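Peer 1: So here's model13.cif (mmCIF, C-alpha atoms and all ligand atoms).
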```cif
data_data
loop_
_atom_site.label_atom_id
_atom_site.label_comp_id
_atom_site.auth_asym_id
_atom_site.auth_seq_id
_atom_site.Cartn_x
_atom_site.Cartn_y
_atom_site.Cartn_z
CA MET W 1427 242.41 138.25 72.29
CA SER W 1428 243.24 138.13 76.03
CA GLY W 1429 242.53 141.29 77.98
CA LEU W 1430 239.37 142.01 76.01
CA TRP W 1431 235.97 142.12 77.65
CA ARG W 1432 234.53 138.83 76.39
CA ALA W 1433 230.92 138.26 75.35
CA SER W 1434 229.62 134.82 74.40
CA VAL W 1435 226.05 134.60 73.16
CA ILE W 1436 224.27 131.26 73.05
CA THR W 1437 221.54 131.38 70.44
CA LEU W 1438 219.56 129.44 67.88
CA TYR W 1439 220.05 132.39 65.53
CA PRO W 1440 223.77 133.20 65.45
CA ASP W 1441 223.35 135.06 62.15
CA MET W 1442 221.58 137.83 64.09
CA PHE W 1443 225.05 138.75 65.41
CA PRO W 1444 227.11 140.90 65.23
CA GLY W 1445 224.08 142.74 63.79
CA PRO W 1446 224.20 146.30 65.14
CA PHE W 1447 227.67 145.77 66.57
CA THR W 1448 229.31 146.45 63.22
CA GLN W 1449 228.31 150.11 63.66
CA ALA W 1450 229.12 153.17 65.73
CA LEU W 1451 231.02 153.13 69.03
CA ALA W 1452 230.53 149.47 69.91
CA GLY W 1453 231.36 148.43 66.35
CA ARG W 1454 234.61 150.38 66.30
CA ALA W 1455 235.61 148.82 69.62
CA LEU W 1456 234.75 145.24 68.61
CA GLY W 1457 237.95 143.23 68.41
CA GLU W 1458 239.90 146.06 70.07
CA ILE W 1459 238.27 146.45 73.47
CA TRP W 1460 235.72 143.65 73.50
CA SER W 1461 235.14 140.36 71.69
CA LEU W 1462 231.90 138.73 70.61
CA GLU W 1463 231.49 135.02 70.03
CA THR W 1464 228.24 133.29 69.14
CA VAL W 1465 227.61 129.73 70.23
CA ARG W 1466 225.18 127.80 68.08
CA LEU W 1467 222.72 126.04 70.38
CA ARG W 1468 221.55 123.88 67.47
CA ASP W 1469 224.98 122.17 67.40
CA PHE W 1470 224.13 120.60 70.76
CA GLY W 1471 220.71 119.36 69.60
CA LEU W 1472 219.79 115.71 69.76
CA GLY W 1473 219.46 113.17 66.97
CA LYS W 1474 219.38 113.54 63.27
CA HIS W 1475 217.25 116.69 63.48
CA LYS W 1476 219.41 118.33 66.17
CA THR W 1477 216.34 118.77 68.36
CA VAL W 1478 216.72 121.41 71.07
CA ASP W 1479 213.18 121.59 72.46
CA ASP W 1480 210.28 119.47 73.61
CA THR W 1481 206.66 119.84 74.70
CA PRO W 1482 205.95 121.35 78.14
CA SER W 1483 205.55 118.85 80.94
CA GLY W 1484 201.99 119.07 82.24
CA GLY W 1485 200.68 120.06 78.83
CA GLY W 1486 199.96 123.37 77.21
CA VAL W 1487 201.01 125.21 74.11
CA GLY W 1488 204.48 125.86 72.76
CA MET W 1489 207.83 124.23 73.29
CA VAL W 1490 210.51 124.42 75.97
CA LEU W 1491 214.30 124.41 75.47
CA ARG W 1492 215.62 121.14 76.88
CA ALA W 1493 217.80 121.21 80.01
CA ASP W 1494 220.25 118.58 78.70
CA VAL W 1495 220.84 120.46 75.42
CA VAL W 1496 221.29 123.84 77.11
CA ALA W 1497 223.57 122.32 79.79
CA ALA W 1498 225.79 120.65 77.18
CA CYS W 1499 226.10 123.95 75.34
CA LEU W 1500 226.92 125.95 78.50
CA ASP W 1501 229.41 123.31 79.64
CA SER W 1502 231.20 123.43 76.29
CA LEU W 1503 232.32 126.95 77.17
CA GLY W 1504 234.36 125.60 80.09
CA VAL W 1505 234.70 127.27 83.44
CA ASP W 1506 235.58 130.93 83.75
CA ASP W 1507 234.56 133.76 86.02
CA ARG W 1508 232.10 135.45 83.68
CA PRO W 1509 228.50 135.72 84.94
CA ARG W 1510 226.00 133.61 83.01
CA LEU W 1511 222.80 135.48 82.23
CA LEU W 1512 219.58 134.05 80.88
CA MET W 1513 217.50 136.59 79.00
CA SER W 1514 214.04 136.22 80.51
CA PRO W 1515 210.93 138.36 81.03
CA ARG W 1516 210.71 136.66 84.45
CA GLY W 1517 214.16 137.94 85.38
CA LYS W 1518 215.27 140.83 87.53
CA PRO W 1519 214.89 144.05 85.53
CA LEU W 1520 218.25 145.20 84.19
CA ASN W 1521 219.40 148.54 85.57
CA GLN W 1522 222.40 150.80 85.19
CA ALA W 1523 224.00 149.58 88.42
CA ARG W 1524 223.99 145.99 87.15
CA VAL W 1525 225.24 147.15 83.74
CA ARG W 1526 228.15 148.99 85.41
CA ALA W 1527 229.02 145.91 87.46
CA LEU W 1528 228.93 143.69 84.37
CA SER W 1529 231.04 146.06 82.31
CA SER W 1530 233.69 146.26 85.01
CA GLY W 1531 234.01 142.46 85.07
CA PRO W 1532 235.66 140.10 82.58
CA GLY W 1533 232.63 139.85 80.26
CA VAL W 1534 229.38 137.89 80.07
CA ILE W 1535 227.84 134.70 78.79
CA LEU W 1536 224.31 135.39 77.53
CA LEU W 1537 221.78 132.65 76.89
CA CYS W 1538 218.97 133.63 74.52
CA GLY W 1539 215.71 131.84 75.19
CA ARG W 1540 213.15 130.99 72.51
CA PHE W 1541 209.69 129.40 72.43
CA GLU W 1542 208.11 129.28 75.92
CA GLY W 1543 211.49 129.46 77.63
CA VAL W 1544 214.08 127.17 79.22
CA ASP W 1545 213.66 124.09 81.45
CA GLN W 1546 213.95 125.32 85.06
CA ARG W 1547 216.41 122.57 86.00
CA VAL W 1548 219.22 123.99 83.90
CA ILE W 1549 218.49 127.51 85.13
CA ASP W 1550 218.94 126.25 88.70
CA GLY W 1551 221.62 123.66 87.97
CA ARG W 1552 223.90 126.08 86.13
CA ASN W 1553 223.09 128.97 88.41
CA LEU W 1554 221.88 131.25 85.62
CA GLU W 1555 221.00 134.83 86.50
CA GLU W 1556 217.67 135.66 84.87
CA VAL W 1557 217.63 139.19 83.48
CA SER W 1558 214.72 141.08 81.93
CA ILE W 1559 215.03 144.17 79.76
CA GLY W 1560 211.47 145.29 80.50
CA ASP W 1561 207.90 144.35 81.22
CA TYR W 1562 206.99 143.13 77.75
CA VAL W 1563 207.57 139.89 75.88
CA LEU W 1564 209.98 139.59 72.96
CA SER W 1565 209.93 136.61 70.63
CA GLY W 1566 213.45 135.62 71.61
CA GLY W 1567 216.37 136.58 73.81
CA GLU W 1568 218.62 137.87 71.03
CA ILE W 1569 217.39 141.46 71.02
CA ALA W 1570 217.50 141.47 74.83
CA ALA W 1571 221.09 140.19 74.68
CA MET W 1572 221.96 142.99 72.26
CA ALA W 1573 220.51 145.52 74.69
CA VAL W 1574 222.63 144.10 77.53
CA LEU W 1575 225.76 144.13 75.36
CA ASP W 1576 225.20 147.64 74.06
CA ALA W 1577 224.67 149.02 77.56
CA CYS W 1578 227.80 147.28 78.88
CA VAL W 1579 230.14 147.90 75.96
CA ARG W 1580 229.62 151.66 75.86
CA LEU W 1581 230.91 151.83 79.45
CA LEU W 1582 234.13 149.94 78.73
CA PRO W 1583 237.16 152.22 79.09
CA GLY W 1584 238.07 153.67 75.70
CA VAL W 1585 234.73 153.01 73.97
CA MET W 1586 233.22 156.44 74.57
CA GLY W 1587 235.32 159.54 74.15
CA LYS W 1588 236.89 160.82 77.35
CA ASP W 1589 234.41 163.72 77.41
CA ALA W 1590 231.48 161.30 77.68
CA SER W 1591 232.17 159.10 80.69
CA GLY W 1592 228.54 158.18 81.22
CA GLU W 1593 228.76 159.33 84.81
CA ASN W 1594 226.20 162.13 84.47
CA GLU W 1595 223.68 160.13 82.51
CA SER W 1596 220.20 158.96 83.35
CA PHE W 1597 220.08 156.46 86.24
CA GLU W 1598 223.49 157.40 87.56
CA GLY W 1599 222.87 158.67 91.09
CA GLY W 1600 219.26 157.50 90.84
CA LEU W 1601 218.21 160.42 88.65
CA LEU W 1602 217.10 160.98 85.05
CA GLU W 1603 219.18 163.37 83.03
CA HIS W 1604 218.36 167.05 82.56
CA PRO W 1605 217.11 168.23 79.11
CA HIS W 1606 219.59 169.15 76.38
CA TYR W 1607 219.70 172.07 73.95
CA THR W 1608 221.96 173.10 71.08
CA ARG W 1609 221.95 175.60 68.24
CA PRO W 1610 219.98 177.28 66.77
CA GLN W 1611 219.40 179.76 69.58
CA SER W 1612 215.74 180.03 68.58
CA PHE W 1613 213.73 177.10 67.23
CA GLU W 1614 210.11 177.72 66.18
CA GLY W 1615 210.05 180.69 68.52
CA VAL W 1616 211.41 178.75 71.52
CA GLU W 1617 214.71 180.03 72.97
CA ILE W 1618 217.43 178.03 74.70
CA PRO W 1619 217.02 178.64 78.48
CA ALA W 1620 219.05 181.79 79.23
CA VAL W 1621 221.07 180.19 82.02
CA LEU W 1622 222.68 177.79 79.54
CA THR W 1623 224.13 180.61 77.48
CA SER W 1624 225.08 182.78 80.50
CA GLY W 1625 228.61 181.38 80.75
CA ASP W 1626 228.10 180.90 84.52
CA HIS W 1627 229.13 177.28 85.08
CA ALA W 1628 227.91 177.13 88.67
CA LYS W 1629 224.48 178.36 87.62
CA VAL W 1630 224.39 175.90 84.71
CA GLU W 1631 225.22 173.05 87.09
CA ALA W 1632 222.55 174.15 89.57
CA TRP W 1633 219.95 174.43 86.79
CA ARG W 1634 220.83 170.97 85.43
CA ARG W 1635 220.61 169.46 88.90
CA SER W 1636 217.23 170.99 89.58
CA GLU W 1637 215.84 169.99 86.15
CA SER W 1638 217.15 166.49 86.69
CA LEU W 1639 215.42 166.25 90.05
CA ALA W 1640 212.16 167.71 88.71
CA VAL W 1641 211.94 165.36 85.73
CA THR W 1642 212.78 162.35 87.91
CA LYS W 1643 210.12 163.25 90.49
CA GLN W 1644 207.56 163.72 87.73
CA ARG W 1645 208.37 160.69 85.54
CA ARG W 1646 210.10 158.20 87.81
CA PRO W 1647 209.21 158.81 91.45
CA ASP W 1648 210.36 155.23 92.10
CA LEU W 1649 214.03 156.10 91.45
CA SER W 1650 216.16 156.64 94.52
CA GLY W 1651 217.24 160.12 93.45
CA ALA W 1652 213.62 161.33 93.54
CA LYS W 1653 213.20 160.38 97.17
CA ASP W 1654 214.28 162.19 100.33
CA ARG W 1655 215.04 165.49 98.56
N1 LIG H 1 206.73 132.18 77.96
C1 LIG H 1 207.63 133.22 78.41
C2 LIG H 1 206.96 134.02 79.49
O1 LIG H 1 205.75 134.22 79.43
O2 LIG H 1 207.67 134.49 80.41
C3 LIG H 1 208.02 134.13 77.25
C4 LIG H 1 208.98 133.49 76.31
S1 LIG H 1 209.52 134.58 75.03
C5 LIG H 1 208.34 134.32 73.78
C6 LIG H 1 210.95 133.76 74.38
C7 LIG H 1 212.27 134.25 74.93
O3 LIG H 1 212.44 135.63 74.64
C8 LIG H 1 212.48 134.15 76.41
O4 LIG H 1 212.86 132.85 76.82
C9 LIG H 1 213.57 135.15 76.65
O5 LIG H 1 214.85 134.60 76.38
C10 LIG H 1 213.28 136.22 75.61
N2 LIG H 1 212.58 137.38 76.16
C11 LIG H 1 211.32 137.75 75.92
N3 LIG H 1 210.99 138.87 76.56
C12 LIG H 1 212.09 139.25 77.23
C13 LIG H 1 212.38 140.35 78.11
N4 LIG H 1 211.47 141.25 78.41
N5 LIG H 1 213.62 140.43 78.63
C14 LIG H 1 214.56 139.49 78.34
N6 LIG H 1 214.33 138.43 77.52
C15 LIG H 1 213.12 138.32 76.98
#
```
Let's see the structure in the file written out as structure tokens.
Peer 2:
Amino acid sequence: MSGLWRASVITLYPDMFPGPFTQALAGRALGEIWSLETVRLRDFGLGKHKTVDDTPSGGGVGMVLRADVVAACLDSLGVDDRPRLLMSPRGKPLNQARVRALSSGPGVILLCGRFEGVDQRVIDGRNLEEVSIGDYVLSGGEIAAMAVLDACVRLLPGVMGKDASGENESFEGGLLEHPHYTRPQSFEGVEIPAVLTSGDHAKVEAWRRSESLAVTKQRRPDLSGAKDR
């Protein structure tokens, strides 16, 4: 399996995987271009009940994943040069630049939180990078981990066809993508913009660029491509 982009997912719910990764582009590439291993956090639980969590210090509702259990699980993977990411709504929002960097590395180790989250001492002690997939709260890190994996895997060389490199997509160059059209020529009385059927590639490119800029300025003025133009 050496040479593959390696993903290890630490989770209390390993049966959620490979889940969507049996399908489509990522599914076809699984085992060929990338590998996916799940690590069962429960196996590192304590005592007869394989306990992985405990009540929050200082009181309050919910449970917290124990630092010693999570550390033992992470350490069982040994040392390699893959980044270790903790899925967390408190993390840095994931963006396409980080996805590109991750996909051009050796792979990732993803830790899926549950309950109220993970004891801070293992986050600090194992130097985990906290990553959020958006400003909302999921019930667990597994779906967030799937989002990270999907975004990374599609960029691995050979996963997408050579005509779809991902280089002109939303967020590349700090811009959202231009709108798309395809046949029929007329849909409910609305025609495809004439420039797109003109055959003039320079004009098509210019139109796409200007649409891309306009939609970015309107919807995402925070993106770098919308500024200073
Ligand atoms: N108490 C936490 C808080 O308020 O920040 C929320 C915990 S959430 C119910 C349980 C787990 O889901 C988290 O530990 C994390 O692994 C995952 N999770 C939830 N929302 C997420 C998001 N937006 N991005 C990444 N992971 C998320």
Peer 1: Check every protein, DNA and RNA residue against ligand LIG 1 (chain H), keep those with an atom at most 10 Å away (counting all atoms listed in the file), and present them as a ChimeraX atom specification.
Peer 2: /W:1437,1487-1491,1511-1520,1536-1545,1556-1571,1573-1574
Peer 1: Write out as a PyMOL selection string each polymer residue whose atoms come within 12 Å of His1606 of chain W, counting all atoms listed in the file; drop sequence neighbours fewer than 6 positions from it.
Peer 2: chain W and resi 1595+1618-1619+1622+1630+1633-1634+1637-1638
Peer 1: So which residues fall inside 7 Å of (224.0, 128.9, 68.7) if we count all atoms listed in the file? Mind giving them as a list of chain:residue names?
Peer 2: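 The residues that fall inside the cut-off are W:Ile1436, W:Thr1437, W:Leu1438, W:Tyr1439, W:Pro1440, W:Thr1464, W:Val1465, W:Arg1466, W:Leu1467, W:Arg1468, W:Asp1469.
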Peer 1: Could those residues be written to a file, using C-alpha atoms, as a tab-separated table (two decimals), in the coordinates of the input?
Peer 2:
```
chain	number	residue	atom	x	y	z
W	1436	ILE	CA	224.27	131.26	73.05
W	1437	THR	CA	221.54	131.38	70.44
W	1438	LEU	CA	219.56	129.44	67.88
W	1439	TYR	CA	220.05	132.39	65.53
W	1440	PRO	CA	223.77	133.20	65.45
W	1464	THR	CA	228.24	133.29	69.14
W	1465	VAL	CA	227.61	129.73	70.23
W	1466	ARG	CA	225.18	127.80	68.08
W	1467	LEU	CA	222.72	126.04	70.38
W	1468	ARG	CA	221.55	123.88	67.47
W	1469	ASP	CA	224.98	122.17	67.40
```
Peer 1: Closest to Leu1462 of chain W among W:Val1621, W:Val1548, W:Val1534, W:Ala1523, using all atoms listed in the file?
Peer 2: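 Distance minimum relative to Leu1462 of chain W lands on W:Val1534.
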Peer 1: Between W:Gln1546, W:Ser1650, W:Thr1477, W:Thr1623, which is the closest to Gly1600 of chain W once you count all atoms listed in the file?
Peer 2: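 Selected residue with least distance to Gly1600 of chain W: W:Ser1650.
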Peer 1: Rank W:Glu1463, W:Leu1581, W:Asp1506, W:Leu1430 by their smallest atom-to-atom distance to Pro1444 of chain W, using only C-alpha atoms, and report the top residue only.
Peer 2: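 The shortest atom-to-atom distance to Pro1444 of chain W comes from W:Glu1463.
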Peer 1: Output as a short mmCIF file (atom, residue, chain, number, x, y, z; two decimals), keeping the file's coordinate frame: segment 1560-1585 of chain W, completed with N, CA, C and O atoms.
Peer 2:
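Resulting contents of out-v2.cif:
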```cif
data_model
loop_
_atom_site.label_atom_id
_atom_site.label_comp_id
_atom_site.auth_asym_id
_atom_site.auth_seq_id
_atom_site.Cartn_x
_atom_site.Cartn_y
_atom_site.Cartn_z
N GLY W 1560 212.67 144.48 80.36
CA GLY W 1560 211.47 145.29 80.50
C GLY W 1560 210.22 144.44 80.59
O GLY W 1560 210.24 143.25 80.28
N ASP W 1561 209.15 145.07 80.99
CA ASP W 1561 207.90 144.35 81.22
C ASP W 1561 207.09 144.21 79.94
O ASP W 1561 206.01 144.81 79.78
N TYR W 1562 207.65 143.48 79.02
CA TYR W 1562 206.99 143.13 77.75
C TYR W 1562 207.67 141.87 77.27
O TYR W 1562 208.74 141.51 77.76
N VAL W 1563 207.03 141.18 76.30
CA VAL W 1563 207.57 139.89 75.88
C VAL W 1563 208.07 139.97 74.44
O VAL W 1563 207.32 140.30 73.52
N LEU W 1564 209.36 139.68 74.28
CA LEU W 1564 209.98 139.59 72.96
C LEU W 1564 209.82 138.17 72.45
O LEU W 1564 209.53 137.25 73.22
N SER W 1565 210.06 137.97 71.15
CA SER W 1565 209.93 136.61 70.63
C SER W 1565 211.16 135.76 70.90
O SER W 1565 211.12 134.54 70.78
N GLY W 1566 212.24 136.37 71.29
CA GLY W 1566 213.45 135.62 71.61
C GLY W 1566 214.41 136.48 72.38
O GLY W 1566 214.26 137.71 72.45
N GLY W 1567 215.43 135.86 72.95
CA GLY W 1567 216.37 136.58 73.81
C GLY W 1567 217.44 137.37 73.08
O GLY W 1567 218.20 138.11 73.71
N GLU W 1568 217.50 137.25 71.75
CA GLU W 1568 218.62 137.87 71.03
C GLU W 1568 218.60 139.40 71.13
O GLU W 1568 219.66 140.02 71.34
N ILE W 1569 217.45 140.00 70.96
CA ILE W 1569 217.39 141.46 71.02
C ILE W 1569 217.65 141.93 72.46
O ILE W 1569 218.31 142.95 72.68
N ALA W 1570 217.19 141.15 73.42
CA ALA W 1570 217.50 141.47 74.83
C ALA W 1570 219.00 141.38 75.07
O ALA W 1570 219.59 142.24 75.74
N ALA W 1571 219.64 140.35 74.51
CA ALA W 1571 221.09 140.19 74.68
C ALA W 1571 221.82 141.37 74.05
O ALA W 1571 222.80 141.88 74.60
N MET W 1572 221.33 141.83 72.91
CA MET W 1572 221.96 142.99 72.26
C MET W 1572 221.84 144.23 73.14
O MET W 1572 222.77 145.03 73.23
N ALA W 1573 220.70 144.37 73.80
CA ALA W 1573 220.51 145.52 74.69
C ALA W 1573 221.51 145.45 75.85
O ALA W 1573 222.14 146.46 76.20
N VAL W 1574 221.67 144.27 76.42
CA VAL W 1574 222.63 144.10 77.53
C VAL W 1574 224.04 144.45 77.04
O VAL W 1574 224.77 145.20 77.68
N LEU W 1575 224.41 143.90 75.88
CA LEU W 1575 225.76 144.13 75.36
C LEU W 1575 225.99 145.61 75.07
O LEU W 1575 227.03 146.16 75.42
N ASP W 1576 225.02 146.23 74.41
CA ASP W 1576 225.20 147.64 74.06
C ASP W 1576 225.41 148.49 75.32
O ASP W 1576 226.29 149.34 75.36
N ALA W 1577 224.56 148.22 76.33
CA ALA W 1577 224.67 149.02 77.56
C ALA W 1577 226.01 148.80 78.25
O ALA W 1577 226.60 149.75 78.78
N CYS W 1578 226.52 147.57 78.23
CA CYS W 1578 227.80 147.28 78.88
C CYS W 1578 228.98 147.83 78.08
O CYS W 1578 229.89 148.45 78.65
N VAL W 1579 228.96 147.58 76.78
CA VAL W 1579 230.14 147.90 75.96
C VAL W 1579 230.42 149.40 75.96
O VAL W 1579 231.58 149.83 76.02
N ARG W 1580 229.38 150.22 75.93
CA ARG W 1580 229.62 151.66 75.86
C ARG W 1580 230.32 152.19 77.12
O ARG W 1580 230.94 153.24 77.09
N LEU W 1581 230.24 151.41 78.22
CA LEU W 1581 230.91 151.83 79.45
C LEU W 1581 232.35 151.33 79.56
O LEU W 1581 233.08 151.72 80.47
N LEU W 1582 232.77 150.45 78.65
CA LEU W 1582 234.13 149.94 78.73
C LEU W 1582 235.12 151.08 78.49
O LEU W 1582 234.90 151.90 77.59
N PRO W 1583 236.19 151.14 79.27
CA PRO W 1583 237.16 152.22 79.09
C PRO W 1583 237.65 152.28 77.65
O PRO W 1583 238.03 151.26 77.08
N GLY W 1584 237.58 153.47 77.06
CA GLY W 1584 238.07 153.67 75.70
C GLY W 1584 236.99 153.58 74.63
O GLY W 1584 237.23 153.94 73.48
N VAL W 1585 235.79 153.13 75.00
CA VAL W 1585 234.73 153.01 73.97
C VAL W 1585 234.11 154.38 73.71
O VAL W 1585 233.99 154.81 72.56
#
```
